[in-house]
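Structure data follow from work-v9.cif (mmCIF, C-alpha atoms):
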```cif
data_coords
loop_
_atom_site.group_PDB
_atom_site.id
_atom_site.type_symbol
_atom_site.label_atom_id
_atom_site.label_comp_id
_atom_site.auth_asym_id
_atom_site.auth_seq_id
_atom_site.Cartn_x
_atom_site.Cartn_y
_atom_site.Cartn_z
ATOM 1 C CA MET A 1 -15.812 -18.083 -23.435
ATOM 2 C CA SER A 2 -12.576 -19.691 -24.642
ATOM 3 C CA ASP A 3 -10.371 -21.957 -22.532
ATOM 4 C CA GLY A 4 -7.811 -19.139 -22.338
ATOM 5 C CA ASP A 5 -10.412 -16.721 -20.956
ATOM 6 C CA VAL A 6 -11.519 -19.310 -18.382
ATOM 7 C CA ASN A 7 -7.901 -19.961 -17.323
ATOM 8 C CA ASP A 8 -7.186 -16.222 -17.094
ATOM 9 C CA GLU A 9 -10.312 -15.739 -14.978
ATOM 10 C CA TYR A 10 -9.349 -18.572 -12.621
ATOM 11 C CA GLU A 11 -5.789 -17.281 -12.312
ATOM 12 C CA ALA A 12 -7.041 -13.768 -11.513
ATOM 13 C CA ARG A 13 -9.481 -15.134 -8.939
ATOM 14 C CA LEU A 14 -6.773 -17.313 -7.372
ATOM 15 C CA ALA A 15 -4.354 -14.378 -7.170
ATOM 16 C CA ASP A 16 -7.054 -12.244 -5.543
ATOM 17 C CA LEU A 17 -7.845 -14.994 -3.001
ATOM 18 C CA GLU A 18 -4.146 -15.420 -2.186
ATOM 19 C CA ARG A 19 -3.821 -11.653 -1.640
ATOM 20 C CA ARG A 20 -6.852 -11.670 0.660
ATOM 21 C CA VAL A 21 -5.479 -14.584 2.684
ATOM 22 C CA ARG A 22 -2.137 -12.761 3.118
ATOM 23 C CA ILE A 23 -4.019 -9.697 4.375
ATOM 24 C CA LEU A 24 -6.137 -11.772 6.764
ATOM 25 C CA GLU A 25 -3.035 -13.526 8.060
ATOM 26 C CA GLY A 26 -1.387 -10.184 8.745
ATOM 27 C CA ASP A 27 1.262 -10.595 6.061
ATOM 28 C CA ALA A 28 0.186 -7.616 3.968
ATOM 29 C CA THR A 29 3.464 -5.761 4.533
ATOM 30 C CA ARG A 30 5.684 -8.206 2.661
ATOM 31 C CA PRO A 31 6.733 -7.245 -0.887
ATOM 32 C CA GLY A 32 4.178 -8.275 -3.456
ATOM 33 C CA ALA A 33 1.275 -8.528 -1.021
ATOM 34 C CA GLY A 34 -0.610 -5.748 -2.728
ATOM 35 C CA ASP A 35 0.488 -6.541 -6.249
ATOM 36 C CA GLY A 36 -2.141 -6.545 -8.941
ATOM 37 C CA PRO A 37 -1.851 -6.629 -12.682
ATOM 38 C CA GLY A 38 0.299 -3.676 -13.583
ATOM 39 C CA GLY A 39 2.703 -4.001 -10.654
ATOM 40 C CA ALA A 40 1.323 -2.069 -7.692
ATOM 41 C CA GLY A 41 3.621 -1.914 -4.734
ATOM 42 C CA PRO A 42 3.334 -3.539 -1.325
ATOM 43 C CA VAL A 43 0.784 -2.449 1.246
ATOM 44 C CA ALA A 44 2.574 -0.902 4.223
ATOM 45 C CA ALA A 45 1.160 -1.115 7.727
ATOM 46 C CA GLY A 46 -0.257 1.984 9.364
ATOM 47 C CA THR A 47 -1.277 4.223 6.483
ATOM 48 C CA GLY A 48 -4.100 2.146 5.080
ATOM 49 C CA SER A 49 -4.628 1.216 1.493
ATOM 50 C CA VAL A 50 -6.508 2.240 -1.603
ATOM 51 C CA THR A 51 -8.187 -0.610 -3.454
ATOM 52 C CA TYR A 52 -10.094 -0.788 -6.699
ATOM 53 C CA GLY A 53 -11.045 -3.388 -9.195
ATOM 54 C CA GLY A 54 -13.602 -4.556 -11.626
ATOM 55 C CA ALA A 55 -14.714 -7.141 -14.117
ATOM 56 C CA VAL A 56 -16.041 -5.629 -17.330
ATOM 57 C CA SER A 57 -16.999 -6.781 -20.799
ATOM 58 C CA LEU A 58 -16.668 -3.492 -22.656
ATOM 59 C CA HIS A 59 -13.393 -4.226 -24.404
ATOM 60 C CA GLY A 60 -13.356 -7.997 -24.186
ATOM 61 C CA ASN A 61 -13.489 -9.615 -20.765
ATOM 62 C CA VAL A 62 -11.204 -7.729 -18.403
ATOM 63 C CA ARG A 63 -10.689 -8.353 -14.681
ATOM 64 C CA TRP A 64 -8.545 -6.030 -12.623
ATOM 65 C CA ASN A 65 -7.838 -5.700 -8.914
ATOM 66 C CA ILE A 66 -5.226 -3.509 -7.312
ATOM 67 C CA GLU A 67 -4.375 -2.482 -3.785
ATOM 68 C CA TYR A 68 -1.834 0.227 -3.063
ATOM 69 C CA ASP A 69 -0.514 1.797 0.121
ATOM 70 C CA ALA A 70 -2.279 5.098 0.844
ATOM 71 C CA GLY A 71 0.912 6.786 2.049
ATOM 72 C CA ALA A 72 2.921 5.562 -0.928
ATOM 73 C CA SER A 73 0.268 6.911 -3.289
ATOM 74 C CA LEU A 74 1.099 10.402 -2.038
ATOM 75 C CA ALA A 75 4.734 9.865 -3.060
ATOM 76 C CA LEU A 76 4.021 8.805 -6.665
ATOM 77 C CA ASP A 77 5.776 10.874 -9.338
ATOM 78 C CA PRO A 78 3.342 13.745 -9.987
ATOM 79 C CA VAL A 79 4.393 14.313 -13.618
ATOM 80 C CA PRO A 80 2.858 11.166 -15.195
ATOM 81 C CA VAL A 81 -0.142 11.331 -12.844
ATOM 82 C CA ALA A 82 -0.826 14.940 -13.855
ATOM 83 C CA ALA A 83 -0.323 14.056 -17.542
ATOM 84 C CA VAL A 84 -3.067 11.415 -17.365
ATOM 85 C CA LEU A 85 -5.433 13.684 -15.437
ATOM 86 C CA ASP A 86 -4.718 16.558 -17.825
ATOM 87 C CA ALA A 87 -5.308 14.357 -20.877
ATOM 88 C CA LEU A 88 -8.648 13.177 -19.488
ATOM 89 C CA GLY A 89 -9.641 16.679 -18.383
ATOM 90 C CA ASN A 90 -10.800 17.740 -21.846
ATOM 91 C CA PRO A 91 -14.384 16.830 -22.865
ATOM 92 C CA ALA A 92 -13.344 15.877 -26.429
ATOM 93 C CA ARG A 93 -10.573 13.620 -25.129
ATOM 94 C CA LEU A 94 -12.919 12.028 -22.638
ATOM 95 C CA ALA A 95 -15.346 11.354 -25.504
ATOM 96 C CA ILE A 96 -12.514 9.680 -27.449
ATOM 97 C CA VAL A 97 -11.636 7.527 -24.434
ATOM 98 C CA ARG A 98 -15.275 6.552 -23.863
ATOM 99 C CA THR A 99 -15.540 5.500 -27.497
ATOM 100 C CA LEU A 100 -12.322 3.464 -27.329
ATOM 101 C CA LEU A 101 -13.395 1.787 -24.080
ATOM 102 C CA ARG A 102 -15.988 -0.003 -26.212
ATOM 103 C CA GLY A 103 -13.243 -1.266 -28.539
ATOM 104 C CA PRO A 104 -10.665 -0.143 -31.105
ATOM 105 C CA ALA A 105 -11.734 2.436 -33.678
ATOM 106 C CA THR A 106 -10.383 4.171 -36.750
ATOM 107 C CA ALA A 107 -9.778 7.899 -36.854
ATOM 108 C CA THR A 108 -12.884 8.288 -39.014
ATOM 109 C CA GLU A 109 -15.004 6.372 -36.485
ATOM 110 C CA LEU A 110 -13.597 8.469 -33.643
ATOM 111 C CA GLN A 111 -14.290 11.699 -35.495
ATOM 112 C CA GLU A 112 -17.892 10.663 -36.116
ATOM 113 C CA ALA A 113 -18.457 9.393 -32.566
ATOM 114 C CA THR A 114 -17.064 12.524 -30.926
ATOM 115 C CA ASP A 115 -18.501 15.166 -33.276
ATOM 116 C CA LEU A 116 -15.069 16.688 -33.884
ATOM 117 C CA THR A 117 -15.329 18.747 -37.047
ATOM 118 C CA SER A 118 -11.711 18.521 -38.201
ATOM 119 C CA THR A 119 -9.188 15.731 -38.409
ATOM 120 C CA GLY A 120 -6.574 18.177 -37.137
ATOM 121 C CA ARG A 121 -8.427 18.576 -33.840
ATOM 122 C CA LEU A 122 -8.892 14.808 -33.575
ATOM 123 C CA TYR A 123 -5.179 14.131 -34.079
ATOM 124 C CA HIS A 124 -4.292 16.898 -31.608
ATOM 125 C CA HIS A 125 -6.378 15.141 -28.942
ATOM 126 C CA LEU A 126 -5.080 11.679 -29.910
ATOM 127 C CA ARG A 127 -1.478 12.925 -29.540
ATOM 128 C CA ALA A 128 -2.228 14.221 -26.033
ATOM 129 C CA LEU A 129 -3.895 10.929 -25.048
ATOM 130 C CA SER A 130 -1.044 8.923 -26.557
ATOM 131 C CA ALA A 131 1.609 11.033 -24.804
ATOM 132 C CA ALA A 132 -0.127 10.316 -21.478
ATOM 133 C CA ARG A 133 -0.165 6.584 -22.379
ATOM 134 C CA VAL A 134 -3.955 6.442 -22.258
ATOM 135 C CA VAL A 135 -4.473 5.585 -25.934
ATOM 136 C CA GLU A 136 -2.213 3.620 -28.246
ATOM 137 C CA GLN A 137 -2.094 3.325 -31.992
ATOM 138 C CA GLU A 138 -2.973 -0.247 -32.958
ATOM 139 C CA SER A 139 -2.167 0.181 -36.656
ATOM 140 C CA ARG A 140 -1.726 2.999 -39.153
ATOM 141 C CA ASN A 141 -5.186 4.505 -38.677
ATOM 142 C CA ARG A 142 -6.626 2.495 -35.788
ATOM 143 C CA TYR A 143 -6.510 3.332 -32.080
ATOM 144 C CA ARG A 144 -7.235 1.406 -28.902
ATOM 145 C CA ILE A 145 -7.000 1.352 -25.152
ATOM 146 C CA ALA A 146 -4.904 -1.507 -23.824
ATOM 147 C CA PRO A 147 -7.083 -4.017 -21.935
ATOM 148 C CA GLU A 148 -5.121 -3.531 -18.699
ATOM 149 C CA LYS A 149 -6.082 0.160 -18.722
ATOM 150 C CA VAL A 150 -9.844 -0.348 -19.166
ATOM 151 C CA VAL A 151 -10.803 -0.740 -15.492
ATOM 152 C CA PRO A 152 -8.406 1.977 -14.240
ATOM 153 C CA LEU A 153 -9.890 4.431 -16.768
ATOM 154 C CA LEU A 154 -13.425 3.517 -15.720
ATOM 155 C CA VAL A 155 -12.404 3.969 -12.079
ATOM 156 C CA LEU A 156 -10.966 7.407 -12.876
ATOM 157 C CA THR A 157 -14.244 8.365 -14.541
ATOM 158 C CA VAL A 158 -16.342 7.164 -11.605
ATOM 159 C CA ALA A 159 -13.953 8.739 -9.068
ATOM 160 C CA ALA A 160 -14.114 12.091 -10.884
ATOM 161 C CA ALA A 161 -17.902 11.887 -10.913
ATOM 162 C CA ASP A 162 -17.828 11.131 -7.169
ATOM 163 C CA VAL A 163 -15.485 14.044 -6.406
ATOM 164 C CA GLY A 164 -17.731 16.280 -8.539
ATOM 165 C CA GLU A 165 -20.684 15.036 -6.463
ATOM 166 C CA GLN A 166 -22.490 13.510 -9.462
ATOM 167 C CA LEU A 167 -22.985 10.203 -7.643
ATOM 168 C CA ARG A 168 -24.660 11.639 -4.562
#
```
This entry written out as structure tokens:
Amino acid sequence: MSDGDVNDEYEARLADLERRVRILEGDATRPGAGDGPGGAGPVAAGTGSVTYGGAVSLHGNVRWNIEYDAGASLALDPVPVAAVLDALGNPARLAIVRTLLRGPATATELQEATDLTSTGRLYHHLRALSAARVVEQESRNRYRIAPEKVVPLLVLTVAAADVGEQLR
């Protein structure tokens, strides 16, 4: 592990501890109290909160913790939320995402890993994933998932499995 990774890990742990102390001290309603990487909003009193996080080594070492007000989550703009859910709702697209969660890949590697028979179909799915901001093009023929999206995408996968009663 490099010095930068160690420093990032300590900073993430310190930020998480500071957030927990604010919650324990009853100061969870002030702006920034629920902030995590990616800019979640404050946790408001009374409605509860939704929290998720993780530390994974699928796509480099990624740590992510977020807490968001439950009531405010119901007021999020439905268009981008639905775009992400729609993009992930296709088995071929989910296979692309699962492949990219392990690291960047070329179009050829994605086509082989997902058993898509035509490059046209692959690019159709990549466009939908890119439009929803799930996948980004790293270079001319190489795609990736940004590190800050790794844990949220894994959480979406696990949450969908839970809602579909696969985890019970």
Expand the PyMOL selection byres ((chain A and resi 77-88) around 10) into the explicit residue set it covers here, and present it as a list in words.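 Taken over the shown coordinates, the PyMOL selection byres ((chain A and resi 77-88) around 10) returns Ser73, Leu74, Ala75, Leu76, Gly89, Asn90, Pro91, Ala92, Arg93, Leu94, Ala95, Ile96, Val97, His125, Leu126, Arg127, Ala128, Leu129, Ser130, Ala131, Ala132, Arg133, Val134, Leu153, Leu156, Thr157 and Ala160 of chain A.
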Enumerate, as a PyMOL selection string, the protein, DNA and RNA residues whose atoms approach (-8.6, 2.2, -25.9) to within 12 Å, taking into account all atoms listed in the file and the coordinate frame of the file. chain A and resi 58-60+93-106+110+126+129-130+133-138+142-154
Run the PyMOL selection byres ((chain A and resi 53) around 6) against the file shown and list the residues it catches, as a PDB file with C-alpha atoms, keeping the file's coordinate frame.
```pdb
ATOM      1  CA  TYR A  52     -10.094  -0.788  -6.699  1.00  0.00           C
ATOM      2  CA  GLY A  54     -13.602  -4.556 -11.626  1.00  0.00           C
ATOM      3  CA  TRP A  64      -8.545  -6.030 -12.623  1.00  0.00           C
ATOM      4  CA  ASN A  65      -7.838  -5.700  -8.914  1.00  0.00           C
TER       5      ASN A  65
END
```
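Taking CA of Asn141 in chain A and CA of Ala55 in chain A as endpoints, the distance between them is 28.8 Å.
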To one decimal place in Å, what is the distance between CA of Ser139 in chain A and CA of Ala113 in chain A? 19.2 Å
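With CA of Val158 in chain A on one side and CA of Thr117 in chain A on the other, the separation reads 28.0 Å.
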For each of A:Ala72, A:Gln166, A:Val62, A:Gly120, take the minimum atom-to-atom distance to Ser49 in chain A, counting only C-alpha atoms, then give the residue where this is smallest. A:Ala72
Output as an mmCIF file, keeping the file's coordinate frame: range 153-165 of chain A, completed with N, CA, C and O atoms.
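Wrote selection_9.cif, looks like this:
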```
data_model
loop_
_atom_site.group_PDB
_atom_site.id
_atom_site.type_symbol
_atom_site.label_atom_id
_atom_site.label_comp_id
_atom_site.auth_asym_id
_atom_site.auth_seq_id
_atom_site.Cartn_x
_atom_site.Cartn_y
_atom_site.Cartn_z
ATOM 1 N N LEU A 153 -9.263 3.256 -16.150
ATOM 2 C CA LEU A 153 -9.890 4.431 -16.768
ATOM 3 C C LEU A 153 -11.348 4.573 -16.347
ATOM 4 O O LEU A 153 -11.835 5.686 -16.136
ATOM 5 N N LEU A 154 -12.047 3.460 -16.218
ATOM 6 C CA LEU A 154 -13.425 3.517 -15.720
ATOM 7 C C LEU A 154 -13.446 3.992 -14.277
ATOM 8 O O LEU A 154 -14.316 4.779 -13.877
ATOM 9 N N VAL A 155 -12.489 3.535 -13.477
ATOM 10 C CA VAL A 155 -12.404 3.969 -12.079
ATOM 11 C C VAL A 155 -12.133 5.468 -12.008
ATOM 12 O O VAL A 155 -12.748 6.184 -11.207
ATOM 13 N N LEU A 156 -11.225 5.965 -12.853
ATOM 14 C CA LEU A 156 -10.966 7.407 -12.876
ATOM 15 C C LEU A 156 -12.227 8.192 -13.205
ATOM 16 O O LEU A 156 -12.502 9.237 -12.599
ATOM 17 N N THR A 157 -13.002 7.697 -14.150
ATOM 18 C CA THR A 157 -14.244 8.365 -14.541
ATOM 19 C C THR A 157 -15.236 8.390 -13.378
ATOM 20 O O THR A 157 -15.822 9.431 -13.063
ATOM 21 N N VAL A 158 -15.410 7.242 -12.730
ATOM 22 C CA VAL A 158 -16.342 7.164 -11.605
ATOM 23 C C VAL A 158 -15.832 8.003 -10.427
ATOM 24 O O VAL A 158 -16.611 8.711 -9.779
ATOM 25 N N ALA A 159 -14.515 7.952 -10.166
ATOM 26 C CA ALA A 159 -13.953 8.739 -9.068
ATOM 27 C C ALA A 159 -14.131 10.237 -9.325
ATOM 28 O O ALA A 159 -14.481 10.991 -8.412
ATOM 29 N N ALA A 160 -13.914 10.674 -10.561
ATOM 30 C CA ALA A 160 -14.114 12.091 -10.884
ATOM 31 C C ALA A 160 -15.572 12.489 -10.706
ATOM 32 O O ALA A 160 -15.871 13.574 -10.196
ATOM 33 N N ALA A 161 -16.475 11.605 -11.113
ATOM 34 C CA ALA A 161 -17.902 11.887 -10.913
ATOM 35 C C ALA A 161 -18.230 11.962 -9.428
ATOM 36 O O ALA A 161 -19.041 12.794 -8.999
ATOM 37 N N ASP A 162 -17.597 11.119 -8.620
ATOM 38 C CA ASP A 162 -17.828 11.131 -7.169
ATOM 39 C C ASP A 162 -17.294 12.427 -6.556
ATOM 40 O O ASP A 162 -17.981 13.094 -5.783
ATOM 41 N N VAL A 163 -16.063 12.810 -6.931
ATOM 42 C CA VAL A 163 -15.485 14.044 -6.406
ATOM 43 C C VAL A 163 -16.342 15.247 -6.835
ATOM 44 O O VAL A 163 -16.559 16.165 -6.040
ATOM 45 N N GLY A 164 -16.866 15.203 -8.044
ATOM 46 C CA GLY A 164 -17.731 16.280 -8.539
ATOM 47 C C GLY A 164 -19.164 16.177 -8.036
ATOM 48 O O GLY A 164 -20.033 16.916 -8.483
ATOM 49 N N GLU A 165 -19.405 15.252 -7.121
ATOM 50 C CA GLU A 165 -20.684 15.036 -6.463
ATOM 51 C C GLU A 165 -21.804 14.672 -7.427
ATOM 52 O O GLU A 165 -22.977 14.959 -7.180
#
```
